[in-house]
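This is input.pdb. It holds PDB, C-alpha atoms and all ligand atoms.
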ATOM      1  CA  MET A   1      62.638 -36.953 105.220  1.00  0.00           C
ATOM      2  CA  GLU A   2      60.257 -39.305 103.421  1.00  0.00           C
ATOM      3  CA  GLU A   3      59.921 -42.939 104.486  1.00  0.00           C
ATOM      4  CA  LEU A   4      61.527 -45.355 102.023  1.00  0.00           C
ATOM      5  CA  SER A   5      60.620 -48.751 103.464  1.00  0.00           C
ATOM      6  CA  PRO A   6      58.485 -51.055 101.325  1.00  0.00           C
ATOM      7  CA  SER A   7      55.060 -52.004 102.692  1.00  0.00           C
ATOM      8  CA  SER A   8      55.506 -55.580 101.523  1.00  0.00           C
ATOM      9  CA  SER A   9      58.486 -57.580 100.333  1.00  0.00           C
ATOM     10  CA  CYS A  10      56.875 -58.254  96.931  1.00  0.00           C
ATOM     11  CA  GLU A  11      56.998 -54.550  96.116  1.00  0.00           C
ATOM     12  CA  LEU A  12      60.740 -54.935  95.761  1.00  0.00           C
ATOM     13  CA  GLY A  13      60.121 -56.951  92.598  1.00  0.00           C
ATOM     14  CA  ARG A  14      58.238 -54.103  90.870  1.00  0.00           C
ATOM     15  CA  ARG A  15      59.856 -51.523  88.587  1.00  0.00           C
ATOM     16  CA  GLU A  16      57.442 -48.779  89.824  1.00  0.00           C
ATOM     17  CA  TYR A  17      58.606 -49.372  93.384  1.00  0.00           C
ATOM     18  CA  TRP A  18      62.268 -48.776  92.444  1.00  0.00           C
ATOM     19  CA  ASN A  19      61.472 -45.762  90.237  1.00  0.00           C
ATOM     20  CA  GLU A  20      59.658 -44.164  93.150  1.00  0.00           C
ATOM     21  CA  PHE A  21      62.337 -45.249  95.625  1.00  0.00           C
ATOM     22  CA  TYR A  22      65.189 -43.633  93.705  1.00  0.00           C
ATOM     23  CA  THR A  23      63.155 -40.531  92.846  1.00  0.00           C
ATOM     24  CA  THR A  24      62.703 -40.031  96.596  1.00  0.00           C
ATOM     25  CA  GLU A  25      66.395 -40.756  97.204  1.00  0.00           C
ATOM     26  CA  LEU A  26      67.345 -38.137  94.622  1.00  0.00           C
ATOM     27  CA  GLU A  27      65.021 -35.597  96.252  1.00  0.00           C
ATOM     28  CA  ASN A  28      66.507 -36.389  99.671  1.00  0.00           C
ATOM     29  CA  PHE A  29      70.000 -35.965  98.239  1.00  0.00           C
ATOM     30  CA  GLU A  30      69.133 -32.627  96.667  1.00  0.00           C
ATOM     31  CA  ASP A  31      67.255 -31.343  99.740  1.00  0.00           C
ATOM     32  CA  TYR A  32      69.383 -32.750 102.566  1.00  0.00           C
ATOM     33  CA  GLY A  33      72.596 -34.099 100.995  1.00  0.00           C
ATOM     34  CA  ASP A  34      71.594 -37.584 102.118  1.00  0.00           C
ATOM     35  CA  ILE A  35      73.498 -40.150  99.998  1.00  0.00           C
ATOM     36  CA  GLY A  36      70.717 -42.680 100.508  1.00  0.00           C
ATOM     37  CA  ASP A  37      70.666 -46.420 101.116  1.00  0.00           C
ATOM     38  CA  ILE A  38      73.769 -48.552 100.842  1.00  0.00           C
ATOM     39  CA  TRP A  39      72.301 -52.023 100.441  1.00  0.00           C
ATOM     40  CA  PHE A  40      73.842 -54.563 102.812  1.00  0.00           C
ATOM     41  CA  GLY A  41      75.725 -51.724 104.500  1.00  0.00           C
ATOM     42  CA  LYS A  42      79.027 -49.884 104.233  1.00  0.00           C
ATOM     43  CA  LYS A  43      81.051 -52.892 105.369  1.00  0.00           C
ATOM     44  CA  ASN A  44      79.949 -54.987 102.407  1.00  0.00           C
ATOM     45  CA  LEU A  45      80.663 -52.073 100.087  1.00  0.00           C
ATOM     46  CA  ALA A  46      84.155 -51.937 101.579  1.00  0.00           C
ATOM     47  CA  ARG A  47      84.505 -55.687 100.988  1.00  0.00           C
ATOM     48  CA  ILE A  48      83.891 -55.143  97.258  1.00  0.00           C
ATOM     49  CA  VAL A  49      86.539 -52.405  97.091  1.00  0.00           C
ATOM     50  CA  GLU A  50      88.932 -54.644  99.045  1.00  0.00           C
ATOM     51  CA  TRP A  51      88.277 -57.569  96.670  1.00  0.00           C
ATOM     52  CA  PHE A  52      89.240 -55.332  93.720  1.00  0.00           C
ATOM     53  CA  GLN A  53      92.373 -54.175  95.512  1.00  0.00           C
ATOM     54  CA  ASN A  54      93.459 -57.724  96.417  1.00  0.00           C
ATOM     55  CA  HIS A  55      92.820 -59.426  93.084  1.00  0.00           C
ATOM     56  CA  GLY A  56      95.013 -57.513  90.689  1.00  0.00           C
ATOM     57  CA  ILE A  57      92.070 -56.318  88.609  1.00  0.00           C
ATOM     58  CA  ASP A  58      93.319 -54.363  85.603  1.00  0.00           C
ATOM     59  CA  LYS A  59      91.980 -50.849  86.164  1.00  0.00           C
ATOM     60  CA  CYS A  60      91.461 -50.268  82.444  1.00  0.00           C
ATOM     61  CA  LEU A  61      89.007 -53.157  82.033  1.00  0.00           C
ATOM     62  CA  PRO A  62      85.279 -52.378  82.095  1.00  0.00           C
ATOM     63  CA  VAL A  63      83.156 -52.889  85.202  1.00  0.00           C
ATOM     64  CA  LEU A  64      79.357 -53.096  85.301  1.00  0.00           C
ATOM     65  CA  ASP A  65      77.227 -52.597  88.417  1.00  0.00           C
ATOM     66  CA  VAL A  66      73.950 -54.211  87.411  1.00  0.00           C
ATOM     67  CA  GLY A  67      70.949 -52.509  89.053  1.00  0.00           C
ATOM     68  CA  CYS A  68      73.259 -49.826  90.409  1.00  0.00           C
ATOM     69  CA  GLY A  69      70.638 -47.994  92.504  1.00  0.00           C
ATOM     70  CA  ASN A  70      72.085 -44.668  93.661  1.00  0.00           C
ATOM     71  CA  GLY A  71      75.487 -45.586  92.174  1.00  0.00           C
ATOM     72  CA  MET A  72      77.365 -45.661  95.488  1.00  0.00           C
ATOM     73  CA  THR A  73      79.181 -48.918  94.677  1.00  0.00           C
ATOM     74  CA  LEU A  74      80.792 -47.484  91.546  1.00  0.00           C
ATOM     75  CA  ILE A  75      81.414 -44.137  93.246  1.00  0.00           C
ATOM     76  CA  CYS A  76      83.335 -45.904  96.041  1.00  0.00           C
ATOM     77  CA  LEU A  77      85.236 -48.038  93.523  1.00  0.00           C
ATOM     78  CA  VAL A  78      86.247 -44.962  91.546  1.00  0.00           C
ATOM     79  CA  LEU A  79      87.289 -43.077  94.686  1.00  0.00           C
ATOM     80  CA  ASP A  80      89.079 -45.943  96.432  1.00  0.00           C
ATOM     81  CA  PHE A  81      90.380 -48.178  93.667  1.00  0.00           C
ATOM     82  CA  LEU A  82      90.194 -46.864  90.120  1.00  0.00           C
ATOM     83  CA  LYS A  83      91.040 -43.248  91.023  1.00  0.00           C
ATOM     84  CA  GLU A  84      92.665 -41.342  88.176  1.00  0.00           C
ATOM     85  CA  ASP A  85      92.801 -44.470  85.998  1.00  0.00           C
ATOM     86  CA  VAL A  86      89.083 -44.349  85.275  1.00  0.00           C
ATOM     87  CA  LYS A  87      88.308 -43.671  81.626  1.00  0.00           C
ATOM     88  CA  SER A  88      84.654 -42.758  81.829  1.00  0.00           C
ATOM     89  CA  SER A  89      84.019 -42.597  78.090  1.00  0.00           C
ATOM     90  CA  SER A  90      85.123 -46.191  77.582  1.00  0.00           C
ATOM     91  CA  MET A  91      83.114 -47.544  80.505  1.00  0.00           C
ATOM     92  CA  PHE A  92      79.680 -47.014  79.009  1.00  0.00           C
ATOM     93  CA  CYS A  93      80.021 -48.327  75.474  1.00  0.00           C
ATOM     94  CA  LYS A  94      81.271 -51.831  76.178  1.00  0.00           C
ATOM     95  CA  ARG A  95      79.336 -54.983  75.345  1.00  0.00           C
ATOM     96  CA  GLU A  96      81.499 -57.197  77.561  1.00  0.00           C
ATOM     97  CA  PHE A  97      82.614 -56.547  81.090  1.00  0.00           C
ATOM     98  CA  HIS A  98      85.559 -57.914  83.013  1.00  0.00           C
ATOM     99  CA  VAL A  99      83.772 -57.528  86.340  1.00  0.00           C
ATOM    100  CA  ILE A 100      80.012 -57.487  86.914  1.00  0.00           C
ATOM    101  CA  ILE A 101      78.756 -56.605  90.389  1.00  0.00           C
ATOM    102  CA  ASP A 102      75.272 -57.372  91.662  1.00  0.00           C
ATOM    103  CA  LYS A 103      74.387 -56.186  95.158  1.00  0.00           C
ATOM    104  CA  GLY A 104      70.712 -56.886  95.762  1.00  0.00           C
ATOM    105  CA  THR A 105      69.450 -56.794  92.175  1.00  0.00           C
ATOM    106  CA  TYR A 106      69.056 -60.531  91.617  1.00  0.00           C
ATOM    107  CA  ASP A 107      67.261 -60.622  94.984  1.00  0.00           C
ATOM    108  CA  ALA A 108      64.860 -57.906  93.800  1.00  0.00           C
ATOM    109  CA  ILE A 109      64.193 -59.662  90.498  1.00  0.00           C
ATOM    110  CA  CYS A 110      63.357 -62.874  92.339  1.00  0.00           C
ATOM    111  CA  LEU A 111      60.744 -60.991  94.380  1.00  0.00           C
ATOM    112  CA  ASP A 112      58.601 -60.313  91.324  1.00  0.00           C
ATOM    113  CA  VAL A 113      56.442 -63.290  92.227  1.00  0.00           C
ATOM    114  CA  GLU A 114      54.386 -63.259  89.017  1.00  0.00           C
ATOM    115  CA  HIS A 115      57.322 -63.293  86.607  1.00  0.00           C
ATOM    116  CA  ALA A 116      60.195 -64.481  88.783  1.00  0.00           C
ATOM    117  CA  GLU A 117      61.068 -67.642  86.841  1.00  0.00           C
ATOM    118  CA  LYS A 118      61.125 -65.932  83.443  1.00  0.00           C
ATOM    119  CA  LYS A 119      62.999 -62.894  84.734  1.00  0.00           C
ATOM    120  CA  ARG A 120      65.573 -65.013  86.549  1.00  0.00           C
ATOM    121  CA  LYS A 121      66.374 -66.909  83.354  1.00  0.00           C
ATOM    122  CA  GLN A 122      66.573 -63.662  81.358  1.00  0.00           C
ATOM    123  CA  TYR A 123      68.830 -62.174  84.002  1.00  0.00           C
ATOM    124  CA  ILE A 124      71.211 -65.159  84.031  1.00  0.00           C
ATOM    125  CA  ASN A 125      71.409 -65.175  80.211  1.00  0.00           C
ATOM    126  CA  GLN A 126      72.183 -61.458  80.224  1.00  0.00           C
ATOM    127  CA  ILE A 127      75.003 -61.945  82.707  1.00  0.00           C
ATOM    128  CA  LEU A 128      76.381 -64.786  80.550  1.00  0.00           C
ATOM    129  CA  ASN A 129      76.313 -62.487  77.541  1.00  0.00           C
ATOM    130  CA  LEU A 130      77.778 -59.447  79.244  1.00  0.00           C
ATOM    131  CA  LEU A 131      80.580 -61.122  81.191  1.00  0.00           C
ATOM    132  CA  SER A 132      83.859 -61.607  79.332  1.00  0.00           C
ATOM    133  CA  SER A 133      85.098 -65.190  79.089  1.00  0.00           C
ATOM    134  CA  ASN A 134      87.665 -64.650  81.827  1.00  0.00           C
ATOM    135  CA  GLY A 135      85.570 -62.147  83.786  1.00  0.00           C
ATOM    136  CA  TYR A 136      84.336 -62.155  87.377  1.00  0.00           C
ATOM    137  CA  PHE A 137      80.745 -61.978  88.567  1.00  0.00           C
ATOM    138  CA  LEU A 138      80.398 -60.694  92.158  1.00  0.00           C
ATOM    139  CA  LEU A 139      76.978 -61.569  93.536  1.00  0.00           C
ATOM    140  CA  PHE A 140      75.728 -60.335  96.920  1.00  0.00           C
ATOM    141  CA  SER A 141      72.407 -61.769  98.090  1.00  0.00           C
ATOM    142  CA  CYS A 142      70.433 -61.633 101.312  1.00  0.00           C
ATOM    143  CA  ASN A 143      67.688 -63.983 100.083  1.00  0.00           C
ATOM    144  CA  TRP A 144      69.607 -67.011  98.844  1.00  0.00           C
ATOM    145  CA  THR A 145      72.231 -69.309 100.328  1.00  0.00           C
ATOM    146  CA  LYS A 146      75.447 -70.236  98.560  1.00  0.00           C
ATOM    147  CA  GLU A 147      74.012 -73.677  97.668  1.00  0.00           C
ATOM    148  CA  GLU A 148      70.841 -72.150  96.207  1.00  0.00           C
ATOM    149  CA  LEU A 149      72.761 -69.603  94.143  1.00  0.00           C
ATOM    150  CA  LEU A 150      75.063 -72.287  92.737  1.00  0.00           C
ATOM    151  CA  LEU A 151      71.976 -74.233  91.652  1.00  0.00           C
ATOM    152  CA  HIS A 152      70.538 -71.152  89.931  1.00  0.00           C
ATOM    153  CA  PHE A 153      73.831 -70.203  88.285  1.00  0.00           C
ATOM    154  CA  LYS A 154      74.668 -73.612  86.837  1.00  0.00           C
ATOM    155  CA  ASP A 155      76.546 -72.140  83.889  1.00  0.00           C
ATOM    156  CA  PHE A 156      78.979 -70.477  86.280  1.00  0.00           C
ATOM    157  CA  MET A 157      81.649 -71.908  88.520  1.00  0.00           C
ATOM    158  CA  LEU A 158      82.453 -70.706  91.994  1.00  0.00           C
ATOM    159  CA  GLN A 159      85.771 -68.899  92.048  1.00  0.00           C
ATOM    160  CA  ASP A 160      85.840 -67.391  95.497  1.00  0.00           C
ATOM    161  CA  GLU A 161      83.677 -66.400  98.444  1.00  0.00           C
ATOM    162  CA  ILE A 162      83.909 -62.956  99.976  1.00  0.00           C
ATOM    163  CA  GLU A 163      84.062 -63.422 103.702  1.00  0.00           C
ATOM    164  CA  VAL A 164      81.173 -61.914 105.627  1.00  0.00           C
ATOM    165  CA  PRO A 165      80.609 -62.290 109.382  1.00  0.00           C
ATOM    166  CA  SER A 166      78.572 -65.250 110.622  1.00  0.00           C
ATOM    167  CA  ILE A 167      75.798 -65.051 113.178  1.00  0.00           C
ATOM    168  CA  GLY A 168      74.568 -67.718 115.554  1.00  0.00           C
ATOM    169  CA  PHE A 169      70.966 -68.335 116.573  1.00  0.00           C
ATOM    170  CA  GLY A 170      69.324 -71.323 118.268  1.00  0.00           C
ATOM    171  CA  GLY A 171      72.520 -73.336 118.059  1.00  0.00           C
ATOM    172  CA  LYS A 172      72.891 -72.782 114.318  1.00  0.00           C
ATOM    173  CA  VAL A 173      75.399 -70.578 112.560  1.00  0.00           C
ATOM    174  CA  GLY A 174      74.616 -68.747 109.336  1.00  0.00           C
ATOM    175  CA  GLN A 175      75.112 -65.558 107.369  1.00  0.00           C
ATOM    176  CA  THR A 176      72.722 -62.725 106.605  1.00  0.00           C
ATOM    177  CA  VAL A 177      74.487 -62.075 103.303  1.00  0.00           C
ATOM    178  CA  THR A 178      75.956 -64.498 100.774  1.00  0.00           C
ATOM    179  CA  ALA A 179      78.792 -63.046  98.690  1.00  0.00           C
ATOM    180  CA  LEU A 180      80.083 -65.187  95.822  1.00  0.00           C
ATOM    181  CA  VAL A 181      82.600 -64.605  93.064  1.00  0.00           C
ATOM    182  CA  MET A 182      81.828 -66.687  89.977  1.00  0.00           C
ATOM    183  CA  LYS A 183      83.248 -67.172  86.508  1.00  0.00           C
ATOM    184  CA  LYS A 184      81.533 -68.520  83.408  1.00  0.00           C
ATOM    185  CA  HIS A 185      82.064 -72.104  82.421  1.00  0.00           C
ATOM    186  CA  VAL A 186      84.193 -72.094  79.285  1.00  0.00           C
ATOM    187  CA  SER A 187      82.111 -71.805  76.081  1.00  0.00           C
ATOM    188  CA  LYS A 188      79.001 -70.443  77.805  1.00  0.00           C
ATOM    189  CA  HIS A 189      77.770 -67.530  75.757  1.00  0.00           C
ATOM    190  CA  ILE A 190      74.096 -67.118  74.893  1.00  0.00           C
ATOM    191  CA  SER A 191      73.208 -65.217  71.740  1.00  0.00           C
TER
HETATM  192  C1  LIG A 201      68.201 -53.604  96.503  1.00  0.00           C
HETATM  193  S1  LIG A 201      68.448 -52.393  95.236  1.00  0.00           S
HETATM  194  C2  LIG A 201      70.197 -52.464  95.133  1.00  0.00           C
HETATM  195  C3  LIG A 201      70.788 -51.248  94.465  1.00  0.00           C
HETATM  196  C4  LIG A 201      72.314 -51.250  94.358  1.00  0.00           C
HETATM  197  N1  LIG A 201      72.808 -52.431  93.706  1.00  0.00           N
HETATM  198  C5  LIG A 201      72.963 -51.076  95.708  1.00  0.00           C
HETATM  199  O1  LIG A 201      73.738 -51.932  96.123  1.00  0.00           O
HETATM  200  O2  LIG A 201      72.715 -50.059  96.350  1.00  0.00           O
HETATM  201  C6  LIG A 201      67.887 -53.322  93.849  1.00  0.00           C
HETATM  202  C7  LIG A 201      68.199 -52.734  92.489  1.00  0.00           C
HETATM  203  O3  LIG A 201      67.685 -53.608  91.488  1.00  0.00           O
HETATM  204  C8  LIG A 201      67.059 -52.860  90.469  1.00  0.00           C
HETATM  205  N2  LIG A 201      66.051 -53.722  89.835  1.00  0.00           N
HETATM  206  C9  LIG A 201      64.979 -54.292  90.409  1.00  0.00           C
HETATM  207  N3  LIG A 201      64.299 -55.029  89.514  1.00  0.00           N
HETATM  208  C10 LIG A 201      64.990 -54.928  88.349  1.00  0.00           C
HETATM  209  C11 LIG A 201      64.801 -55.449  87.060  1.00  0.00           C
HETATM  210  N4  LIG A 201      63.770 -56.239  86.789  1.00  0.00           N
HETATM  211  N5  LIG A 201      65.693 -55.141  86.095  1.00  0.00           N
HETATM  212  C12 LIG A 201      66.738 -54.344  86.375  1.00  0.00           C
HETATM  213  N6  LIG A 201      66.986 -53.814  87.597  1.00  0.00           N
HETATM  214  C13 LIG A 201      66.107 -54.099  88.556  1.00  0.00           C
HETATM  215  C14 LIG A 201      66.456 -51.666  91.202  1.00  0.00           C
HETATM  216  O4  LIG A 201      66.212 -50.591  90.340  1.00  0.00           O
HETATM  217  C15 LIG A 201      67.551 -51.364  92.215  1.00  0.00           C
HETATM  218  O5  LIG A 201      68.497 -50.497  91.672  1.00  0.00           O
END

As structure tokens, please, write out the structure in this file.
Amino acid sequence: MEELSPSSSCELGRREYWNEFYTTELENFEDYGDIGDIWFGKKNLARIVEWFQNHGIDKCLPVLDVGCGNGMTLICLVLDFLKEDVKSSSMFCKREFHVIIDKGTYDAICLDVEHAEKKRKQYINQILNLLSSNGYFLLFSCNWTKEELLLHFKDFMLQDEIEVPSIGFGGKVGQTVTALVMKKHVSKHIS
């Protein structure tokens, strides 16, 4: 099986890197049945499914997984939560989404060191545009703390935090992943 690790963290900010990465993943799937990488692990994927199950999300409302990679997040949601209620034809032609999930995509965008600032602003404006006024934005990051993300996403308000295990090192306690649920401030819609 081919090696998929990046040779430097900045590669994760480049489109060519991801094109190559998922081409290799597809080949590995076709050749070996390997489902590929689940970013931040199966437990965090399960936490997303659990959040949907516990928050009375209407199964008919559209969900977007931004930067979906190999699609495992949506596959697990369909299998474990949406099940027979999924209406595939209506999921792909929406301009507004009730839930937007980001697991590792904002992190990747921020690693494009040359264009990070511009891309971050574009990304945040896109999320503002795509999220319905009462919708939820689930953001999983391994590069930013809760405080940093809330500074970046000023036009959003924190709704909830998905609990992830803490780790201790050198007398300090922290998390390897930050998982926030945000909503838009009322009247925030960029055109
Ligand atoms: C760390 S992977 C996470 C994939 C997926 N969300 C998951 O949980 O498995 C980062 C994703 O961000 C996407 N990505 C990176 N830079 C992007 C950009 N500038 N615009 C859109 N997507 C981007 C990549 O194609 C990739 O799917």

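Nearest-residue note for ligand LIG 201 (chain A): choosing from A:Cys110, A:Ala46, A:Leu26, A:Cys60, the minimum distance belongs to A:Cys110, counting only C-alpha atoms and all ligand atoms.
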
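In terms of minimum interatomic distance to Phe140 in chain A, A:Ile100 ranks closest within A:Arg120, A:Ile100, A:Glu114, A:Lys172, counting all atoms listed in the file.
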
Counting all atoms listed in the file, what are the residues of chain A within 9 Å of ligand LIG 201 (chain A), and for each of them which pair of atoms is the nearest and at what distance in Å, to one decimal? Sort the table by chain and rising number, as a tab-separated table.
residue	atom	partner	partner_atom	distance
A:Leu12	CA	A:LIG201	C9	6.9
A:Gly13	CA	A:LIG201	N3	5.5
A:Arg14	CA	A:LIG201	N3	6.3
A:Arg15	CA	A:LIG201	N3	5.7
A:Glu16	CA	A:LIG201	O4	9.0
A:Tyr17	CA	A:LIG201	O4	8.3
A:Trp18	CA	A:LIG201	O4	4.8
A:Asn19	CA	A:LIG201	O4	6.8
A:Phe21	CA	A:LIG201	O4	8.5
A:Tyr22	CA	A:LIG201	O4	7.8
A:Gly36	CA	A:LIG201	O2	8.7
A:Asp37	CA	A:LIG201	O2	6.3
A:Ile38	CA	A:LIG201	O2	4.9
A:Trp39	CA	A:LIG201	O1	4.6
A:Phe40	CA	A:LIG201	O1	7.2
A:Gly41	CA	A:LIG201	O1	8.6
A:Leu45	CA	A:LIG201	O1	8.0
A:Asp65	CA	A:LIG201	N1	6.9
A:Val66	CA	A:LIG201	N1	6.6
A:Gly67	CA	A:LIG201	O5	4.1
A:Cys68	CA	A:LIG201	N1	4.2
A:Gly69	CA	A:LIG201	O5	3.4
A:Asn70	CA	A:LIG201	O2	6.1
A:Gly71	CA	A:LIG201	O2	6.7
A:Met72	CA	A:LIG201	O2	6.5
A:Thr73	CA	A:LIG201	O1	6.4
A:Ile101	CA	A:LIG201	N1	8.0
A:Asp102	CA	A:LIG201	N1	5.9
A:Lys103	CA	A:LIG201	N1	4.3
A:Gly104	CA	A:LIG201	C1	4.2
A:Thr105	CA	A:LIG201	O3	3.7
A:Tyr106	CA	A:LIG201	O3	7.1
A:Asp107	CA	A:LIG201	C1	7.2
A:Ala108	CA	A:LIG201	C9	5.0
A:Ile109	CA	A:LIG201	N3	4.7
A:Cys110	CA	A:LIG201	N3	8.4
A:Leu111	CA	A:LIG201	N3	8.5
A:Asp112	CA	A:LIG201	N3	8.0
A:Lys119	CA	A:LIG201	N4	7.0
A:Arg120	CA	A:LIG201	N4	9.0
A:Tyr123	CA	A:LIG201	N5	8.0
A:Phe140	CA	A:LIG201	O1	8.7

For this session: May I have the residues within 12 Å of Lys154 in chain A as a PyMOL selection string, using only C-alpha atoms and disregarding those fewer than 6 positions away in the same chain?
Result: chain A and resi 121+124-125+128+147-148+182-185+188

For this session: Give the answer as one residue: which of A:Leu77, A:Met157, A:Cys10, A:Ile35 has the shortest atom-to-atom distance to Gln53 in chain A, using only C-alpha atoms?
Result: A:Leu77

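Distance-wise, CA of Glu163 in chain A and CA of Thr178 in chain A end up 8.7 Å apart.
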
Enclose the full set of atoms of range 171-185 of chain A listed in the file within a box whose edges lie along x, y and z, apply 5 Å of padding to each of the six sides, and report centre and edge lengths in Å to one decimal as AutoDock Vina command-line options.
--center_x 77.9 --center_y -67.7 --center_z 100.2 --size_x 20.7 --size_y 21.3 --size_z 45.6

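Residues matched by the PyMOL selection byres (((chain A and resi 133) around 7) and not hetatm) in this file: Leu131, Ser132, Asn134, Gly135, Lys184 and Val186 of chain A.
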
Would you save the residues of that selection, restricted to C-alpha atoms, as a PDB file, in the frame of the given file?
ATOM      1  CA  LEU A 131      80.580 -61.122  81.191  1.00  0.00           C
ATOM      2  CA  SER A 132      83.859 -61.607  79.332  1.00  0.00           C
ATOM      3  CA  ASN A 134      87.665 -64.650  81.827  1.00  0.00           C
ATOM      4  CA  GLY A 135      85.570 -62.147  83.786  1.00  0.00           C
ATOM      5  CA  LYS A 184      81.533 -68.520  83.408  1.00  0.00           C
ATOM      6  CA  VAL A 186      84.193 -72.094  79.285  1.00  0.00           C
TER       7      VAL A 186
END

Problem set entry | Pick from A:Glu27, A:Phe97, A:Asn54, A:Asn44, whichever lies nearest to Gln126 in chain A using only C-alpha atoms | A:Phe97

Add whatever atoms are absent from range 114-125 of chain A to reach N, CA and C atoms, and provide the output as a PDB file, in the coordinates of the input.
ATOM      1  N   GLU A 114      55.132 -62.832  90.216  1.00  0.00           N
ATOM      2  CA  GLU A 114      54.386 -63.259  89.017  1.00  0.00           C
ATOM      3  C   GLU A 114      55.304 -63.694  87.881  1.00  0.00           C
ATOM      4  N   HIS A 115      56.463 -63.015  87.763  1.00  0.00           N
ATOM      5  CA  HIS A 115      57.322 -63.293  86.607  1.00  0.00           C
ATOM      6  C   HIS A 115      58.708 -63.772  87.008  1.00  0.00           C
ATOM      7  N   ALA A 116      58.851 -64.215  88.255  1.00  0.00           N
ATOM      8  CA  ALA A 116      60.195 -64.481  88.783  1.00  0.00           C
ATOM      9  C   ALA A 116      60.983 -65.476  87.929  1.00  0.00           C
ATOM     10  N   GLU A 117      60.343 -66.588  87.562  1.00  0.00           N
ATOM     11  CA  GLU A 117      61.068 -67.642  86.841  1.00  0.00           C
ATOM     12  C   GLU A 117      61.613 -67.129  85.509  1.00  0.00           C
ATOM     13  N   LYS A 118      60.719 -66.447  84.756  1.00  0.00           N
ATOM     14  CA  LYS A 118      61.125 -65.932  83.443  1.00  0.00           C
ATOM     15  C   LYS A 118      62.225 -64.874  83.594  1.00  0.00           C
ATOM     16  N   LYS A 119      62.027 -63.979  84.559  1.00  0.00           N
ATOM     17  CA  LYS A 119      62.999 -62.894  84.734  1.00  0.00           C
ATOM     18  C   LYS A 119      64.348 -63.417  85.205  1.00  0.00           C
ATOM     19  N   ARG A 120      64.316 -64.433  86.061  1.00  0.00           N
ATOM     20  CA  ARG A 120      65.573 -65.013  86.549  1.00  0.00           C
ATOM     21  C   ARG A 120      66.382 -65.591  85.397  1.00  0.00           C
ATOM     22  N   LYS A 121      65.666 -66.310  84.499  1.00  0.00           N
ATOM     23  CA  LYS A 121      66.374 -66.909  83.354  1.00  0.00           C
ATOM     24  C   LYS A 121      66.929 -65.821  82.451  1.00  0.00           C
ATOM     25  N   GLN A 122      66.104 -64.783  82.205  1.00  0.00           N
ATOM     26  CA  GLN A 122      66.573 -63.662  81.358  1.00  0.00           C
ATOM     27  C   GLN A 122      67.809 -63.025  81.982  1.00  0.00           C
ATOM     28  N   TYR A 123      67.727 -62.818  83.286  1.00  0.00           N
ATOM     29  CA  TYR A 123      68.830 -62.174  84.002  1.00  0.00           C
ATOM     30  C   TYR A 123      70.113 -62.989  83.853  1.00  0.00           C
ATOM     31  N   ILE A 124      70.018 -64.298  84.084  1.00  0.00           N
ATOM     32  CA  ILE A 124      71.211 -65.159  84.031  1.00  0.00           C
ATOM     33  C   ILE A 124      71.792 -65.166  82.616  1.00  0.00           C
ATOM     34  N   ASN A 125      70.922 -65.221  81.595  1.00  0.00           N
ATOM     35  CA  ASN A 125      71.409 -65.175  80.211  1.00  0.00           C
ATOM     36  C   ASN A 125      72.096 -63.852  79.904  1.00  0.00           C
TER      37      ASN A 125
END
